[in-house]
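Okay, run31.pdb now, which holds PDB, C-alpha atoms:
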MODEL        1
ATOM      1  CA  MET A  21     -24.376  12.817 -11.116
ATOM      2  CA  ARG A  22     -22.939  11.930  -7.713
ATOM      3  CA  TYR A  23     -19.286  12.525  -6.997
ATOM      4  CA  LEU A  24     -16.807   9.725  -7.443
ATOM      5  CA  THR A  25     -14.544  10.083  -4.413
ATOM      6  CA  PHE A  26     -10.890   9.017  -4.313
ATOM      7  CA  ALA A  27      -8.806   8.517  -1.155
ATOM      8  CA  LEU A  28      -5.093   8.843  -1.916
ATOM      9  CA  ALA A  29      -2.248   7.848   0.393
ATOM     10  CA  LYS A  30      -0.391  11.055   1.312
ATOM     11  CA  GLY A  31       3.075  11.734  -0.040
ATOM     12  CA  ARG A  32       4.918  10.480  -3.099
ATOM     13  CA  LEU A  33       2.205   7.955  -3.964
ATOM     14  CA  ALA A  34      -0.500  10.648  -4.200
ATOM     15  CA  LYS A  35       1.740  12.759  -6.430
ATOM     16  CA  GLN A  36       2.478   9.830  -8.769
ATOM     17  CA  SER A  37      -1.201   8.803  -8.843
ATOM     18  CA  LEU A  38      -2.324  12.312  -9.792
ATOM     19  CA  GLU A  39       0.266  12.399 -12.585
ATOM     20  CA  MET A  40      -1.228   9.171 -13.958
ATOM     21  CA  PHE A  41      -4.773  10.535 -13.693
ATOM     22  CA  GLU A  42      -3.762  13.676 -15.586
ATOM     23  CA  LYS A  43      -2.577  11.569 -18.495
ATOM     24  CA  ILE A  44      -6.063  10.075 -18.850
ATOM     25  CA  GLY A  45      -7.762  13.461 -18.580
ATOM     26  CA  ILE A  46      -8.652  13.464 -14.873
ATOM     27  CA  THR A  47      -7.301  16.692 -13.459
ATOM     28  CA  CYS A  48      -7.741  18.551 -10.224
ATOM     29  CA  GLU A  49      -6.252  22.040 -10.324
ATOM     30  CA  GLU A  50      -7.131  22.699  -6.665
ATOM     31  CA  MET A  51      -4.608  20.065  -5.568
ATOM     32  CA  LYS A  52      -1.747  21.934  -7.193
ATOM     33  CA  ASP A  53      -2.058  24.814  -4.763
ATOM     34  CA  LYS A  54       0.686  24.029  -2.242
ATOM     35  CA  ASP A  55      -0.677  26.550   0.288
ATOM     36  CA  SER A  56      -4.242  25.239   0.268
ATOM     37  CA  ARG A  57      -5.653  24.206   3.653
ATOM     38  CA  LYS A  58      -8.538  22.363   2.033
ATOM     39  CA  LEU A  59      -9.140  18.732   2.916
ATOM     40  CA  ILE A  60     -11.275  17.800  -0.082
ATOM     41  CA  PHE A  61     -10.423  18.784  -3.658
ATOM     42  CA  THR A  62     -13.117  18.789  -6.321
ATOM     43  CA  ASN A  63     -13.386  18.806 -10.076
ATOM     44  CA  GLU A  64     -17.046  19.816 -10.526
ATOM     45  CA  GLU A  65     -16.979  19.282 -14.279
ATOM     46  CA  LEU A  66     -15.964  15.629 -13.983
ATOM     47  CA  GLY A  67     -17.920  15.002 -10.778
ATOM     48  CA  ILE A  68     -14.781  13.814  -8.999
ATOM     49  CA  ARG A  69     -13.421  14.489  -5.515
ATOM     50  CA  PHE A  70     -10.028  13.684  -4.021
ATOM     51  CA  PHE A  71      -8.813  13.655  -0.455
ATOM     52  CA  LEU A  72      -5.463  12.749   1.059
ATOM     53  CA  ALA A  73      -5.273  10.345   3.983
ATOM     54  CA  LYS A  74      -2.675   8.492   5.988
ATOM     55  CA  ALA A  75      -1.880   5.308   4.049
ATOM     56  CA  SER A  76      -3.161   3.004   6.798
ATOM     57  CA  ASP A  77      -6.536   4.815   6.781
ATOM     58  CA  VAL A  78      -7.174   4.558   3.027
ATOM     59  CA  PRO A  79      -8.578   0.966   3.108
ATOM     60  CA  THR A  80     -10.896   1.975   5.981
ATOM     61  CA  TYR A  81     -12.317   4.948   4.058
ATOM     62  CA  VAL A  82     -12.893   2.667   1.066
ATOM     63  CA  GLU A  83     -14.423  -0.246   2.996
ATOM     64  CA  TYR A  84     -16.974   2.033   4.668
ATOM     65  CA  GLY A  85     -17.829   3.875   1.447
ATOM     66  CA  ALA A  86     -16.489   7.284   2.523
ATOM     67  CA  ALA A  87     -14.358   6.901  -0.612
ATOM     68  CA  ASP A  88     -15.406   4.968  -3.713
ATOM     69  CA  LEU A  89     -11.831   4.280  -4.731
ATOM     70  CA  GLY A  90      -8.443   4.376  -3.065
ATOM     71  CA  ILE A  91      -4.812   4.177  -4.076
ATOM     72  CA  VAL A  92      -2.476   2.649  -1.539
ATOM     73  CA  GLY A  93       0.453   0.245  -1.201
ATOM     74  CA  LYS A  94      -0.122  -3.524  -1.197
ATOM     75  CA  ASP A  95       1.589  -3.661   2.217
ATOM     76  CA  THR A  96      -1.214  -1.537   3.724
ATOM     77  CA  ILE A  97      -3.919  -3.633   2.045
ATOM     78  CA  LEU A  98      -2.432  -6.835   3.492
ATOM     79  CA  GLU A  99      -1.887  -5.333   6.940
ATOM     80  CA  GLU A 100      -5.339  -3.756   7.254
ATOM     81  CA  GLY A 101      -7.284  -6.731   5.871
ATOM     82  CA  ARG A 102     -10.353  -4.681   4.896
ATOM     83  CA  LYS A 103     -13.289  -5.863   2.769
ATOM     84  CA  LEU A 104     -12.756  -4.226  -0.630
ATOM     85  CA  TYR A 105     -11.962  -5.062  -4.227
ATOM     86  CA  GLU A 106      -8.337  -4.811  -5.307
ATOM     87  CA  VAL A 107      -8.790  -4.062  -8.986
ATOM     88  CA  MET A 108      -5.463  -2.959 -10.335
ATOM     89  CA  ASN A 109      -1.708  -2.968  -9.882
ATOM     90  CA  LEU A 110      -0.512   0.521 -10.836
ATOM     91  CA  GLY A 111       3.110  -0.601 -11.045
ATOM     92  CA  ILE A 112       4.421   2.360  -9.033
ATOM     93  CA  GLY A 113       6.248   2.288  -5.722
ATOM     94  CA  ASN A 114       7.705  -1.151  -6.404
ATOM     95  CA  CYS A 115       9.481  -2.772  -3.456
ATOM     96  CA  ARG A 116       9.441  -6.021  -1.421
ATOM     97  CA  MET A 117       8.310  -7.168   1.999
ATOM     98  CA  CYS A 118      11.156  -9.194   3.472
ATOM     99  CA  VAL A 119      12.489 -10.936   6.545
ATOM    100  CA  CYS A 120      15.831  -9.269   7.293
ATOM    101  CA  GLY A 121      18.496  -9.593   9.918
ATOM    102  CA  PRO A 122      22.181 -10.347  10.440
ATOM    103  CA  PRO A 123      23.319 -13.149   8.090
ATOM    104  CA  SER A 124      23.808 -15.427  11.121
ATOM    105  CA  ALA A 125      20.024 -15.358  11.744
ATOM    106  CA  GLY A 126      19.525 -17.294   8.505
ATOM    107  CA  GLU A 127      20.197 -20.531  10.406
ATOM    108  CA  LEU A 128      17.474 -19.752  12.967
ATOM    109  CA  LEU A 129      14.977 -19.340  10.141
ATOM    110  CA  LYS A 130      16.105 -22.524   8.455
ATOM    111  CA  HIS A 131      15.680 -24.605  11.611
ATOM    112  CA  HIS A 132      12.324 -23.030  12.535
ATOM    113  CA  GLU A 133      13.612 -21.928  15.931
ATOM    114  CA  ARG A 134      11.463 -19.809  18.203
ATOM    115  CA  ILE A 135      12.658 -16.257  17.604
ATOM    116  CA  ARG A 136      11.535 -12.690  18.095
ATOM    117  CA  VAL A 137      10.450 -10.676  15.067
ATOM    118  CA  ALA A 138      10.214  -6.868  15.184
ATOM    119  CA  THR A 139       7.979  -5.160  12.634
ATOM    120  CA  LYS A 140       5.582  -2.350  11.762
ATOM    121  CA  TYR A 141       3.466  -5.022  10.046
ATOM    122  CA  PRO A 142       2.370  -7.561  12.693
ATOM    123  CA  ALA A 143      -0.492  -9.005  10.588
ATOM    124  CA  ILE A 144       1.785  -9.666   7.593
ATOM    125  CA  ALA A 145       4.518 -11.121   9.835
ATOM    126  CA  LYS A 146       2.048 -13.365  11.665
ATOM    127  CA  ASP A 147       0.515 -14.654   8.448
ATOM    128  CA  TYR A 148       3.945 -15.410   6.980
ATOM    129  CA  PHE A 149       5.451 -17.188   9.971
ATOM    130  CA  TYR A 150       2.344 -18.980  11.229
ATOM    131  CA  ASN A 151       0.497 -19.850   8.014
ATOM    132  CA  LYS A 152       3.239 -20.161   5.416
ATOM    133  CA  LYS A 153       6.332 -21.197   7.378
ATOM    134  CA  HIS A 154       4.606 -22.854  10.346
ATOM    135  CA  GLN A 155       7.223 -21.350  12.630
ATOM    136  CA  THR A 156       6.359 -20.148  16.114
ATOM    137  CA  VAL A 157       7.682 -16.645  16.699
ATOM    138  CA  GLU A 158       7.128 -13.766  19.087
ATOM    139  CA  ILE A 159       6.081 -10.666  17.165
ATOM    140  CA  ILE A 160       7.041  -7.268  18.568
ATOM    141  CA  LYS A 161       5.316  -4.234  17.049
ATOM    142  CA  LEU A 162       7.486  -1.160  16.551
ATOM    143  CA  ASN A 163       6.706   2.182  14.939
ATOM    144  CA  GLY A 164      10.147   3.679  14.359
ATOM    145  CA  SER A 165      13.240   2.496  12.492
ATOM    146  CA  ILE A 166      12.914  -1.271  12.562
ATOM    147  CA  GLU A 167      16.561  -1.903  11.588
ATOM    148  CA  LEU A 168      17.560  -0.968  15.115
ATOM    149  CA  ALA A 169      15.843  -3.999  16.691
ATOM    150  CA  PRO A 170      18.330  -6.768  15.778
ATOM    151  CA  ILE A 171      21.299  -4.441  16.299
ATOM    152  CA  VAL A 172      20.399  -3.740  19.946
ATOM    153  CA  GLY A 173      19.195  -7.291  20.616
ATOM    154  CA  LEU A 174      15.447  -6.635  20.797
ATOM    155  CA  SER A 175      14.792  -9.238  18.091
ATOM    156  CA  GLU A 176      16.654 -11.761  15.970
ATOM    157  CA  VAL A 177      15.029 -10.624  12.722
ATOM    158  CA  ILE A 178      12.702  -7.947  11.338
ATOM    159  CA  VAL A 179       9.906  -7.915   8.769
ATOM    160  CA  ASP A 180      10.056  -4.722   6.750
ATOM    161  CA  ILE A 181       9.792  -3.109   3.334
ATOM    162  CA  VAL A 182      12.979  -3.203   1.271
ATOM    163  CA  GLU A 183      13.514  -0.883  -1.684
ATOM    164  CA  THR A 184      17.238  -0.852  -2.417
ATOM    165  CA  GLY A 185      18.600  -2.623   0.647
ATOM    166  CA  ALA A 186      21.159   0.174   1.213
ATOM    167  CA  THR A 187      20.040   0.898   4.813
ATOM    168  CA  LEU A 188      20.246  -2.817   5.670
ATOM    169  CA  LYS A 189      23.738  -3.138   4.204
ATOM    170  CA  GLU A 190      24.938  -0.055   6.047
ATOM    171  CA  ASN A 191      23.851  -1.626   9.326
ATOM    172  CA  GLY A 192      25.249  -5.103   8.728
ATOM    173  CA  LEU A 193      21.863  -6.624   7.900
ATOM    174  CA  ALA A 194      20.679  -8.555   4.855
ATOM    175  CA  VAL A 195      17.499  -9.852   3.227
ATOM    176  CA  LEU A 196      17.077 -13.413   4.508
ATOM    177  CA  GLU A 197      13.688 -14.318   3.017
ATOM    178  CA  GLU A 198      11.295 -12.549   0.663
ATOM    179  CA  ILE A 199       7.628 -12.509   1.702
ATOM    180  CA  CYS A 200       6.013 -10.807  -1.296
ATOM    181  CA  PRO A 201       6.454  -8.096  -3.929
ATOM    182  CA  LEU A 202       4.721  -4.765  -3.219
ATOM    183  CA  SER A 203       3.458  -1.854  -5.297
ATOM    184  CA  ALA A 204       0.618   0.667  -5.389
ATOM    185  CA  ARG A 205      -2.844  -0.800  -5.996
ATOM    186  CA  MET A 206      -6.240   0.637  -6.778
ATOM    187  CA  VAL A 207      -8.987  -0.541  -4.437
ATOM    188  CA  VAL A 208     -12.743  -0.084  -4.835
ATOM    189  CA  ASN A 209     -15.639  -0.089  -2.394
ATOM    190  CA  GLN A 210     -17.815  -3.158  -2.976
ATOM    191  CA  VAL A 211     -21.107  -1.213  -3.223
ATOM    192  CA  SER A 212     -19.577   1.529  -5.419
ATOM    193  CA  MET A 213     -18.394  -1.150  -7.846
ATOM    194  CA  LYS A 214     -22.033  -2.080  -8.495
ATOM    195  CA  ARG A 215     -23.550   1.401  -8.253
ATOM    196  CA  GLU A 216     -20.937   3.240 -10.334
ATOM    197  CA  ASN A 217     -19.850   0.299 -12.459
ATOM    198  CA  ASP A 218     -19.700   2.152 -15.794
ATOM    199  CA  ARG A 219     -17.595   5.054 -14.513
ATOM    200  CA  ILE A 220     -15.251   2.861 -12.494
ATOM    201  CA  THR A 221     -14.819   0.303 -15.293
ATOM    202  CA  LYS A 222     -14.003   3.086 -17.772
ATOM    203  CA  LEU A 223     -11.444   4.550 -15.370
ATOM    204  CA  ILE A 224      -9.747   1.153 -14.884
ATOM    205  CA  HIS A 225      -9.764   0.559 -18.655
ATOM    206  CA  ASP A 226      -8.189   3.982 -19.364
ATOM    207  CA  LEU A 227      -5.479   3.431 -16.745
ATOM    208  CA  ARG A 228      -4.721  -0.075 -18.059
ATOM    209  CA  THR A 229      -4.395   1.268 -21.605
ATOM    210  CA  LEU A 230      -2.059   4.020 -20.363
ATOM    211  CA  LEU A 231       0.154   1.510 -18.525
ATOM    212  CA  GLN A 232       0.312  -0.791 -21.555
ATOM    213  CA  GLU A 233       1.377   2.110 -23.786
ATOM    214  CA  GLU A 234       4.004   3.275 -21.306
ATOM    215  CA  ASN A 235       5.419  -0.235 -20.916
ATOM    216  CA  ARG A 236       5.792  -0.855 -24.627
TER     217      ARG A 236
ENDMDL
END

Would you put the structure from the file into structure tokens?
Amino acid sequence: MRYLTFALAKGRLAKQSLEMFEKIGITCEEMKDKDSRKLIFTNEELGIRFFLAKASDVPTYVEYGAADLGIVGKDTILEEGRKLYEVMNLGIGNCRMCVCGPPSAGELLKHHERIRVATKYPAIAKDYFYNKKHQTVEIIKLNGSIELAPIVGLSEVIVDIVETGATLKENGLAVLEEICPLSARMVVNQVSMKRENDRITKLIHDLRTLLQEENR
């Protein structure tokens, strides 16, 4: 039996994913060792391997078959635009992708004025403004705290992930438009889906059953 390999987005998402897997009998004791320097964690008995990757790399590992399955946020899937199957919404890490800015910028959005948009997600921002709103904008890619951009005059608005909105409020910004809801998704390599169909289908079925029971 070949290994079924999972790429998990590092951090809270990986922790929550592993907790879900444990509930359906997929465990990996090696991953619980906080001091481990290992990069790949294996459960020989189940024929399963896990590795942790930067969220933005997970879709790449899955598209190229280095991982059969991946768990990553919908924001990363949209931004990376990789060829893979999105098979399941895990319902964890719920938040929203939004256009935010000072309330006064709402008028600029309404009148489709040419504005500057700062974001960590240029592909998502471009798709939203060009294909859905048909508004011409200049997109500025940033890597750090995006909220700073409209405050210092780099951009009129930002496109960013909003969980509670507390940081926005604190800085005099607000959600002006919602682009889409986000949460953690399971993605599958297209070849693996055919080659390991039985194992992957069973895994999806077990997770779905677990989620249904928990949501009752």

Go through segment 67-135 of chain A and flag each residue having an atom no more than 9 Å from segment 27-35 of chain A; for those, report the closest pair of atoms plus their distance in Å to one decimal, using all atoms listed in the file, ordered by chain and rising number, as CSV.
residue,atom,partner,partner_atom,distance
A:Arg69,CA,A:Ala27,CA,8.7
A:Phe70,CA,A:Ala27,CA,6.0
A:Phe71,CA,A:Ala27,CA,5.2
A:Leu72,CA,A:Leu28,CA,4.9
A:Ala73,CA,A:Ala29,CA,5.3
A:Lys74,CA,A:Ala29,CA,5.6
A:Ala75,CA,A:Ala29,CA,4.5
A:Ser76,CA,A:Ala29,CA,8.1
A:Asp77,CA,A:Ala29,CA,8.3
A:Val78,CA,A:Ala27,CA,6.0
A:Pro79,CA,A:Ala27,CA,8.7
A:Tyr81,CA,A:Ala27,CA,7.2
A:Val82,CA,A:Ala27,CA,7.5
A:Ala86,CA,A:Ala27,CA,8.6
A:Ala87,CA,A:Ala27,CA,5.8
A:Asp88,CA,A:Ala27,CA,7.9
A:Leu89,CA,A:Ala27,CA,6.3
A:Gly90,CA,A:Ala27,CA,4.6
A:Ile91,CA,A:Leu28,CA,5.1
A:Val92,CA,A:Ala29,CA,5.6
A:Gly93,CA,A:Ala29,CA,8.2
A:Ile112,CA,A:Leu33,CA,7.9
A:Gly113,CA,A:Leu33,CA,7.2

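Counting all atoms listed in the file and comparing A:Ile135, A:Met117, A:Met21, A:Ile181, the residue that lies closest to Ile159 of chain A is A:Ile135.
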
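Note that the spacing between atom CA of Glu176 of chain A and atom CA of Arg136 of chain A amounts to 5.6 Å.
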
Could you tell me, as a ChimeraX atom specification, exactly which residues end up selected when the PyMOL selection byres ((chain A and resi 105) around 12) is applied to this structure? /A:79,82-83,88-91,97,101-104,106-109,205-214,220

Export, as a PDB file, in the frame of the given file, the selected residues with C-alpha atoms.
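Contents of again16.pdb, as written:
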ATOM      1  CA  PRO A  79      -8.578   0.966   3.108  1.00  0.00           C
ATOM      2  CA  VAL A  82     -12.893   2.667   1.066  1.00  0.00           C
ATOM      3  CA  GLU A  83     -14.423  -0.246   2.996  1.00  0.00           C
ATOM      4  CA  ASP A  88     -15.406   4.968  -3.713  1.00  0.00           C
ATOM      5  CA  LEU A  89     -11.831   4.280  -4.731  1.00  0.00           C
ATOM      6  CA  GLY A  90      -8.443   4.376  -3.065  1.00  0.00           C
ATOM      7  CA  ILE A  91      -4.812   4.177  -4.076  1.00  0.00           C
ATOM      8  CA  ILE A  97      -3.919  -3.633   2.045  1.00  0.00           C
ATOM      9  CA  GLY A 101      -7.284  -6.731   5.871  1.00  0.00           C
ATOM     10  CA  ARG A 102     -10.353  -4.681   4.896  1.00  0.00           C
ATOM     11  CA  LYS A 103     -13.289  -5.863   2.769  1.00  0.00           C
ATOM     12  CA  LEU A 104     -12.756  -4.226  -0.630  1.00  0.00           C
ATOM     13  CA  GLU A 106      -8.337  -4.811  -5.307  1.00  0.00           C
ATOM     14  CA  VAL A 107      -8.790  -4.062  -8.986  1.00  0.00           C
ATOM     15  CA  MET A 108      -5.463  -2.959 -10.335  1.00  0.00           C
ATOM     16  CA  ASN A 109      -1.708  -2.968  -9.882  1.00  0.00           C
ATOM     17  CA  ARG A 205      -2.844  -0.800  -5.996  1.00  0.00           C
ATOM     18  CA  MET A 206      -6.240   0.637  -6.778  1.00  0.00           C
ATOM     19  CA  VAL A 207      -8.987  -0.541  -4.437  1.00  0.00           C
ATOM     20  CA  VAL A 208     -12.743  -0.084  -4.835  1.00  0.00           C
ATOM     21  CA  ASN A 209     -15.639  -0.089  -2.394  1.00  0.00           C
ATOM     22  CA  GLN A 210     -17.815  -3.158  -2.976  1.00  0.00           C
ATOM     23  CA  VAL A 211     -21.107  -1.213  -3.223  1.00  0.00           C
ATOM     24  CA  SER A 212     -19.577   1.529  -5.419  1.00  0.00           C
ATOM     25  CA  MET A 213     -18.394  -1.150  -7.846  1.00  0.00           C
ATOM     26  CA  LYS A 214     -22.033  -2.080  -8.495  1.00  0.00           C
ATOM     27  CA  ILE A 220     -15.251   2.861 -12.494  1.00  0.00           C
TER      28      ILE A 220
END

With a distance cut-off of 12 Å and only C-alpha atoms, select the neighbouring residues of Asn235 of chain A, excluding the residue or stretch itself and same-chain residues fewer than 5 positions from it, and output the selection as a PyMOL selection string. chain A and resi 110-111+228-230

Residue members of the PyMOL selection byres ((chain A and resi 137) around 6) in the file shown, as JSON, numbers by chain: {"A": [136, 138, 159, 160, 175, 177, 178]}

Using atom CA of Thr187 of chain A and atom CA of Ile199 of chain A as the two end points, give the distance in Å to one decimal. 18.5 Å
